[in-house]
Amino acid sequence: MNSCLLIPVRRWGAGLLTGLDRYILDVAAQRAKNSDELVFVNVTSELLTERSLPFPPDEDLTGLVLEITERSRLDAEAVALYLAQFRERGLKVALDDFGDGFNGISRWSVLQPDFVKVRLTEGVEVFLPMLVQVAAESGAQLVVERVETPEQHAWLQKLGVGYGQGFYYGRPTPIEGGAA
C-alpha cells in the first residue's frame, strides 16, 4: 500500500473562521510541495461553497488532496466546476467518510473524486469488495481508515485496496511547527 500524510482539521465548534481553514490549506499546499507523499487535508463544504480556496492562479498543487467532509450539504455540480481549475494544476479530491452524512453515491458520481475514504467498521467489510470495484471503474482509489492489525492490512491488500490509514501504520505525530 502507498503512504500518505494526513493533516486533520479539528472543529472546535460551529462557525470556525474561514480564515483559519484557508491558512491550514495554505500550510498543507506548502507541505505538499516539499514532500514526496500525498498531503490530505480536510476542507469544509462551506469553504467550497464560498469559493474561497487560497491558492494563487499559477500555483502547482501536485501532491495536495482536499478531503471533502461529510457534515454539510453542498451543490456538488457547482463545486465540481469550481474545483476543475485547481484539478488542472494537480489538485486531487477525496470524499471523506463515504457513506456517512452527505458523502454518498450522488457526490461520488458528480465530483468524480480521485480518492474515496471509508471507515473499516463492523459490517462495512461486506461492501468493501464492491467499493474496490466501483472505485477502479470510476478511476478513484479507495482509502480504508481505522486499519489496526496486520490481518486487516493483509486482507485489504488482497482486495486490492491502494491506501490505508490507521494505527497499524503509525500514530498521529505533530508536523514541524504544529500540533497533530
# chains A, B, ... in the order shown; residues from 1 in each chain; ligands from 1
call {"tool": "residues_around", "arguments": {"residues": "range 46-57 of chain A", "least_positions_apart": "2", "cutoff": "9 Å", "atoms": "only C-alpha atoms", "output": "list of chain:residue names"}}
result
A:Thr18, A:Asp21, A:Arg22, A:Tyr23, A:Leu25, A:Asp26, A:Ala29, A:Val43, A:Thr44, A:Glu59, A:Asp60, A:Leu61, A:Ile68, A:Ser72, A:Arg73, A:Leu74, A:Asp75, A:Ala78, A:Val79, A:Tyr82, A:Leu83, A:Gln85, A:Phe86
call {"tool": "write_last_selection", "arguments": {"atoms": "C-alpha atoms", "output": "compact mmCIF listing (two decimals), in the first residue's frame"}}
result
# COMPACT_ATOMS: atom_id res chain seq x y z
CA THR A 18 -12.98 30.57 7.19
CA ASP A 21 -9.42 26.98 7.14
CA ARG A 22 -7.67 28.97 4.41
CA TYR A 23 -4.48 29.19 6.47
CA LEU A 25 -4.97 24.80 3.33
CA ASP A 26 -2.08 27.13 2.53
CA ALA A 29 -0.14 23.14 -0.02
CA VAL A 43 -11.98 21.08 3.61
CA THR A 44 -15.45 22.07 4.68
CA GLU A 59 0.41 27.53 -8.02
CA ASP A 60 1.29 23.89 -8.69
CA LEU A 61 -0.97 21.80 -6.45
CA ILE A 68 -14.46 16.98 1.31
CA SER A 72 -22.76 19.65 5.28
CA ARG A 73 -24.81 19.93 2.14
CA LEU A 74 -23.27 21.43 -0.95
CA ASP A 75 -24.14 21.94 -4.58
CA ALA A 78 -21.16 23.90 -8.70
CA VAL A 79 -18.29 22.62 -6.54
CA TYR A 82 -15.13 25.38 -9.19
CA LEU A 83 -12.57 22.66 -8.42
CA GLN A 85 -9.39 24.91 -12.35
CA PHE A 86 -7.42 23.58 -9.37
call {"tool": "select_by_dssp", "arguments": {"residues": "chain A", "states": "helix (DSSP H, G or I)", "output": "JSON, numbers by chain"}}
result
{"A": [18, 19, 20, 21, 22, 23, 24, 25, 26, 27, 28, 29, 30, 31, 32, 33, 45, 46, 47, 48, 49, 76, 77, 78, 79, 80, 81, 82, 83, 84, 85, 86, 87, 105, 106, 107, 108, 109, 110, 111, 124, 125, 126, 128, 129, 130, 131, 132, 133, 134, 135, 136, 137, 138, 150, 151, 152, 153, 154, 155, 156, 157, 158, 159]}
call {"tool": "atom_distance", "arguments": {"atom1": "CA of Phe167 in chain A", "atom2": "CA of Pro113 in chain A"}}
result
24.9 Å
call {"tool": "atom_distance", "arguments": {"atom1": "CA of Gln30 in chain A", "atom2": "CA of Arg89 in chain A"}}
result
14.3 Å
call {"tool": "atom_distance", "arguments": {"atom1": "CA of Ala28 in chain A", "atom2": "CA of Ala136 in chain A"}}
result
27.0 Å
call {"tool": "residues_around", "arguments": {"residues": "Asp97 in chain A", "least_positions_apart": "6", "cutoff": "12 Å", "atoms": "only C-alpha atoms", "output": "PDB file with N, CA and C atoms, in the first residue's frame"}}
result
ATOM      1  N   ASN A  42      -8.538  18.135   5.266  1.00  0.00           N
ATOM      2  CA  ASN A  42      -9.993  18.305   5.241  1.00  0.00           C
ATOM      3  C   ASN A  42     -10.350  19.712   4.771  1.00  0.00           C
ATOM      4  N   GLU A  67      -9.870  16.735   1.146  1.00  0.00           N
ATOM      5  CA  GLU A  67     -10.884  15.788   1.615  1.00  0.00           C
ATOM      6  C   GLU A  67     -12.159  16.562   1.886  1.00  0.00           C
ATOM      7  N   ILE A  68     -13.182  16.311   1.113  1.00  0.00           N
ATOM      8  CA  ILE A  68     -14.461  16.981   1.310  1.00  0.00           C
ATOM      9  C   ILE A  68     -15.203  16.245   2.413  1.00  0.00           C
ATOM     10  N   THR A  69     -15.491  16.971   3.485  1.00  0.00           N
ATOM     11  CA  THR A  69     -16.130  16.359   4.642  1.00  0.00           C
ATOM     12  C   THR A  69     -17.596  16.071   4.375  1.00  0.00           C
ATOM     13  N   GLU A  70     -18.131  15.204   5.198  1.00  0.00           N
ATOM     14  CA  GLU A  70     -19.495  14.710   5.011  1.00  0.00           C
ATOM     15  C   GLU A  70     -20.538  15.486   5.804  1.00  0.00           C
ATOM     16  N   ARG A  71     -20.128  16.487   6.540  1.00  0.00           N
ATOM     17  CA  ARG A  71     -21.007  17.114   7.527  1.00  0.00           C
ATOM     18  C   ARG A  71     -22.064  18.062   6.969  1.00  0.00           C
ATOM     19  N   ASN A 103     -21.880  12.414   2.242  1.00  0.00           N
ATOM     20  CA  ASN A 103     -20.961  11.841   1.261  1.00  0.00           C
ATOM     21  C   ASN A 103     -21.433  10.465   0.813  1.00  0.00           C
ATOM     22  N   GLY A 104     -22.293  10.481  -0.171  1.00  0.00           N
ATOM     23  CA  GLY A 104     -22.863   9.250  -0.699  1.00  0.00           C
ATOM     24  C   GLY A 104     -22.618   9.121  -2.191  1.00  0.00           C
ATOM     25  N   ILE A 105     -23.385   8.244  -2.795  1.00  0.00           N
ATOM     26  CA  ILE A 105     -23.237   7.923  -4.218  1.00  0.00           C
ATOM     27  C   ILE A 105     -23.383   9.159  -5.109  1.00  0.00           C
ATOM     28  N   ARG A 107     -22.673  12.333  -4.541  1.00  0.00           N
ATOM     29  CA  ARG A 107     -21.450  13.151  -4.525  1.00  0.00           C
ATOM     30  C   ARG A 107     -20.328  12.452  -5.281  1.00  0.00           C
ATOM     31  N   TRP A 108     -20.207  11.150  -5.084  1.00  0.00           N
ATOM     32  CA  TRP A 108     -19.166  10.394  -5.784  1.00  0.00           C
ATOM     33  C   TRP A 108     -19.363  10.549  -7.290  1.00  0.00           C
ATOM     34  N   PHE A 115      -9.922   9.991  -4.730  1.00  0.00           N
ATOM     35  CA  PHE A 115      -9.871   9.095  -3.578  1.00  0.00           C
ATOM     36  C   PHE A 115     -11.229   9.068  -2.902  1.00  0.00           C
ATOM     37  N   VAL A 116     -11.595   7.896  -2.413  1.00  0.00           N
ATOM     38  CA  VAL A 116     -12.803   7.749  -1.613  1.00  0.00           C
ATOM     39  C   VAL A 116     -12.390   7.050  -0.336  1.00  0.00           C
ATOM     40  N   LYS A 117     -12.659   7.711   0.804  1.00  0.00           N
ATOM     41  CA  LYS A 117     -12.261   7.171   2.099  1.00  0.00           C
ATOM     42  C   LYS A 117     -13.463   6.523   2.778  1.00  0.00           C
ATOM     43  N   VAL A 118     -13.235   5.349   3.327  1.00  0.00           N
ATOM     44  CA  VAL A 118     -14.289   4.621   4.027  1.00  0.00           C
ATOM     45  C   VAL A 118     -13.697   4.064   5.316  1.00  0.00           C
ATOM     46  N   ARG A 119     -14.473   4.122   6.382  1.00  0.00           N
ATOM     47  CA  ARG A 119     -14.026   3.594   7.677  1.00  0.00           C
ATOM     48  C   ARG A 119     -14.218   2.084   7.725  1.00  0.00           C
ATOM     49  N   LEU A 120     -13.228   1.403   8.272  1.00  0.00           N
ATOM     50  CA  LEU A 120     -13.325  -0.039   8.478  1.00  0.00           C
ATOM     51  C   LEU A 120     -14.057  -0.253   9.800  1.00  0.00           C
ATOM     52  N   THR A 121     -15.361  -0.437   9.699  1.00  0.00           N
ATOM     53  CA  THR A 121     -16.198  -0.655  10.882  1.00  0.00           C
ATOM     54  C   THR A 121     -16.963  -1.959  10.690  1.00  0.00           C
ATOM     55  N   VAL A 124     -19.072  -3.100   7.396  1.00  0.00           N
ATOM     56  CA  VAL A 124     -18.658  -2.498   6.131  1.00  0.00           C
ATOM     57  C   VAL A 124     -17.816  -3.459   5.296  1.00  0.00           C
ATOM     58  N   LEU A 142      -9.437   3.734  -3.401  1.00  0.00           N
ATOM     59  CA  LEU A 142     -10.112   3.571  -2.122  1.00  0.00           C
ATOM     60  C   LEU A 142      -9.087   3.698  -1.007  1.00  0.00           C
ATOM     61  N   VAL A 143      -9.425   4.465   0.014  1.00  0.00           N
ATOM     62  CA  VAL A 143      -8.602   4.612   1.211  1.00  0.00           C
ATOM     63  C   VAL A 143      -9.422   4.053   2.365  1.00  0.00           C
ATOM     64  N   VAL A 144      -8.903   3.045   3.035  1.00  0.00           N
ATOM     65  CA  VAL A 144      -9.627   2.453   4.155  1.00  0.00           C
ATOM     66  C   VAL A 144      -9.019   2.978   5.455  1.00  0.00           C
ATOM     67  N   GLU A 145      -9.871   3.567   6.282  1.00  0.00           N
ATOM     68  CA  GLU A 145      -9.467   4.130   7.569  1.00  0.00           C
ATOM     69  C   GLU A 145      -9.691   3.111   8.695  1.00  0.00           C
ATOM     70  N   ARG A 146      -9.013   3.334   9.793  1.00  0.00           N
ATOM     71  CA  ARG A 146      -9.101   2.506  11.005  1.00  0.00           C
ATOM     72  C   ARG A 146      -8.502   1.111  10.811  1.00  0.00           C
TER      73      ARG A 146
END
call {"tool": "select_by_dssp", "arguments": {"residues": "range 69-147 of chain A", "states": "strand (DSSP E)", "output": "compact mmCIF listing (two decimals) with C-alpha atoms, in the first residue's frame"}}
result
# COMPACT_ATOMS: atom_id res chain seq x y z
CA LYS A 92 -6.68 15.81 -6.10
CA VAL A 93 -10.08 15.43 -4.45
CA ALA A 94 -11.20 12.89 -1.85
CA LEU A 95 -14.58 12.14 -0.31
CA PHE A 115 -9.87 9.09 -3.58
CA VAL A 116 -12.80 7.75 -1.61
CA LYS A 117 -12.26 7.17 2.10
CA VAL A 118 -14.29 4.62 4.03
CA ARG A 119 -14.03 3.59 7.68
CA GLN A 141 -8.52 4.99 -5.26
CA LEU A 142 -10.11 3.57 -2.12
CA VAL A 143 -8.60 4.61 1.21
CA VAL A 144 -9.63 2.45 4.16
CA GLU A 145 -9.47 4.13 7.57
call {"tool": "residues_around", "arguments": {"residues": "Gln157 in chain A", "least_positions_apart": "4", "cutoff": "12 Å", "atoms": "only C-alpha atoms", "output": "ChimeraX atom specification"}}
result
/A:1-2,128-129,132,142-144,147,150-153,161-164
call {"tool": "write_last_selection", "arguments": {"atoms": "N, CA, C and O atoms", "output": "compact mmCIF listing (two decimals), in the first residue's frame"}}
result
# COMPACT_ATOMS: atom_id res chain seq x y z
N MET A 1 0.84 -1.18 0.00
CA MET A 1 0.00 0.00 0.00
C MET A 1 0.88 1.24 0.00
O MET A 1 1.99 1.22 0.49
N ASN A 2 0.34 2.32 -0.49
CA ASN A 2 1.06 3.59 -0.55
C ASN A 2 0.90 4.35 0.77
O ASN A 2 -0.03 4.11 1.53
N LEU A 128 -16.82 -3.81 1.02
CA LEU A 128 -15.51 -3.39 0.52
C LEU A 128 -15.15 -3.96 -0.85
O LEU A 128 -14.66 -3.20 -1.70
N PRO A 129 -15.39 -5.25 -1.13
CA PRO A 129 -15.06 -5.73 -2.47
C PRO A 129 -15.81 -4.95 -3.57
O PRO A 129 -15.23 -4.61 -4.60
N VAL A 132 -14.21 -1.44 -3.90
CA VAL A 132 -12.94 -1.52 -4.62
C VAL A 132 -13.22 -1.55 -6.13
O VAL A 132 -12.58 -0.85 -6.92
N LEU A 142 -9.44 3.73 -3.40
CA LEU A 142 -10.11 3.57 -2.12
C LEU A 142 -9.09 3.70 -1.01
O LEU A 142 -7.99 3.13 -1.09
N VAL A 143 -9.42 4.46 0.01
CA VAL A 143 -8.60 4.61 1.21
C VAL A 143 -9.42 4.05 2.37
O VAL A 143 -10.52 4.53 2.63
N VAL A 144 -8.90 3.05 3.04
CA VAL A 144 -9.63 2.45 4.16
C VAL A 144 -9.02 2.98 5.46
O VAL A 144 -7.81 2.86 5.68
N VAL A 147 -7.41 1.04 10.07
CA VAL A 147 -6.69 -0.22 9.92
C VAL A 147 -5.78 -0.35 11.14
O VAL A 147 -4.92 0.50 11.37
N PRO A 150 -2.28 -6.37 11.54
CA PRO A 150 -1.65 -6.93 10.33
C PRO A 150 -2.64 -7.75 9.49
O PRO A 150 -2.55 -7.75 8.27
N GLU A 151 -3.59 -8.40 10.15
CA GLU A 151 -4.59 -9.18 9.43
C GLU A 151 -5.48 -8.29 8.57
O GLU A 151 -5.80 -8.63 7.42
N GLN A 152 -5.90 -7.16 9.11
CA GLN A 152 -6.70 -6.22 8.34
C GLN A 152 -5.90 -5.71 7.13
O GLN A 152 -6.41 -5.64 6.01
N HIS A 153 -4.65 -5.35 7.38
CA HIS A 153 -3.78 -4.86 6.31
C HIS A 153 -3.65 -5.90 5.19
O HIS A 153 -3.81 -5.58 4.01
N VAL A 161 -6.98 -2.87 -2.21
CA VAL A 161 -7.11 -1.51 -1.67
C VAL A 161 -5.74 -0.83 -1.79
O VAL A 161 -4.73 -1.39 -1.38
N GLY A 162 -5.71 0.36 -2.36
CA GLY A 162 -4.45 1.05 -2.61
C GLY A 162 -3.88 1.81 -1.44
O GLY A 162 -2.67 1.98 -1.34
N TYR A 163 -4.74 2.27 -0.53
CA TYR A 163 -4.28 3.11 0.57
C TYR A 163 -4.96 2.68 1.87
O TYR A 163 -6.14 2.32 1.87
N GLY A 164 -4.22 2.78 2.96
CA GLY A 164 -4.77 2.51 4.28
C GLY A 164 -4.35 3.60 5.25
O GLY A 164 -3.33 4.26 5.06
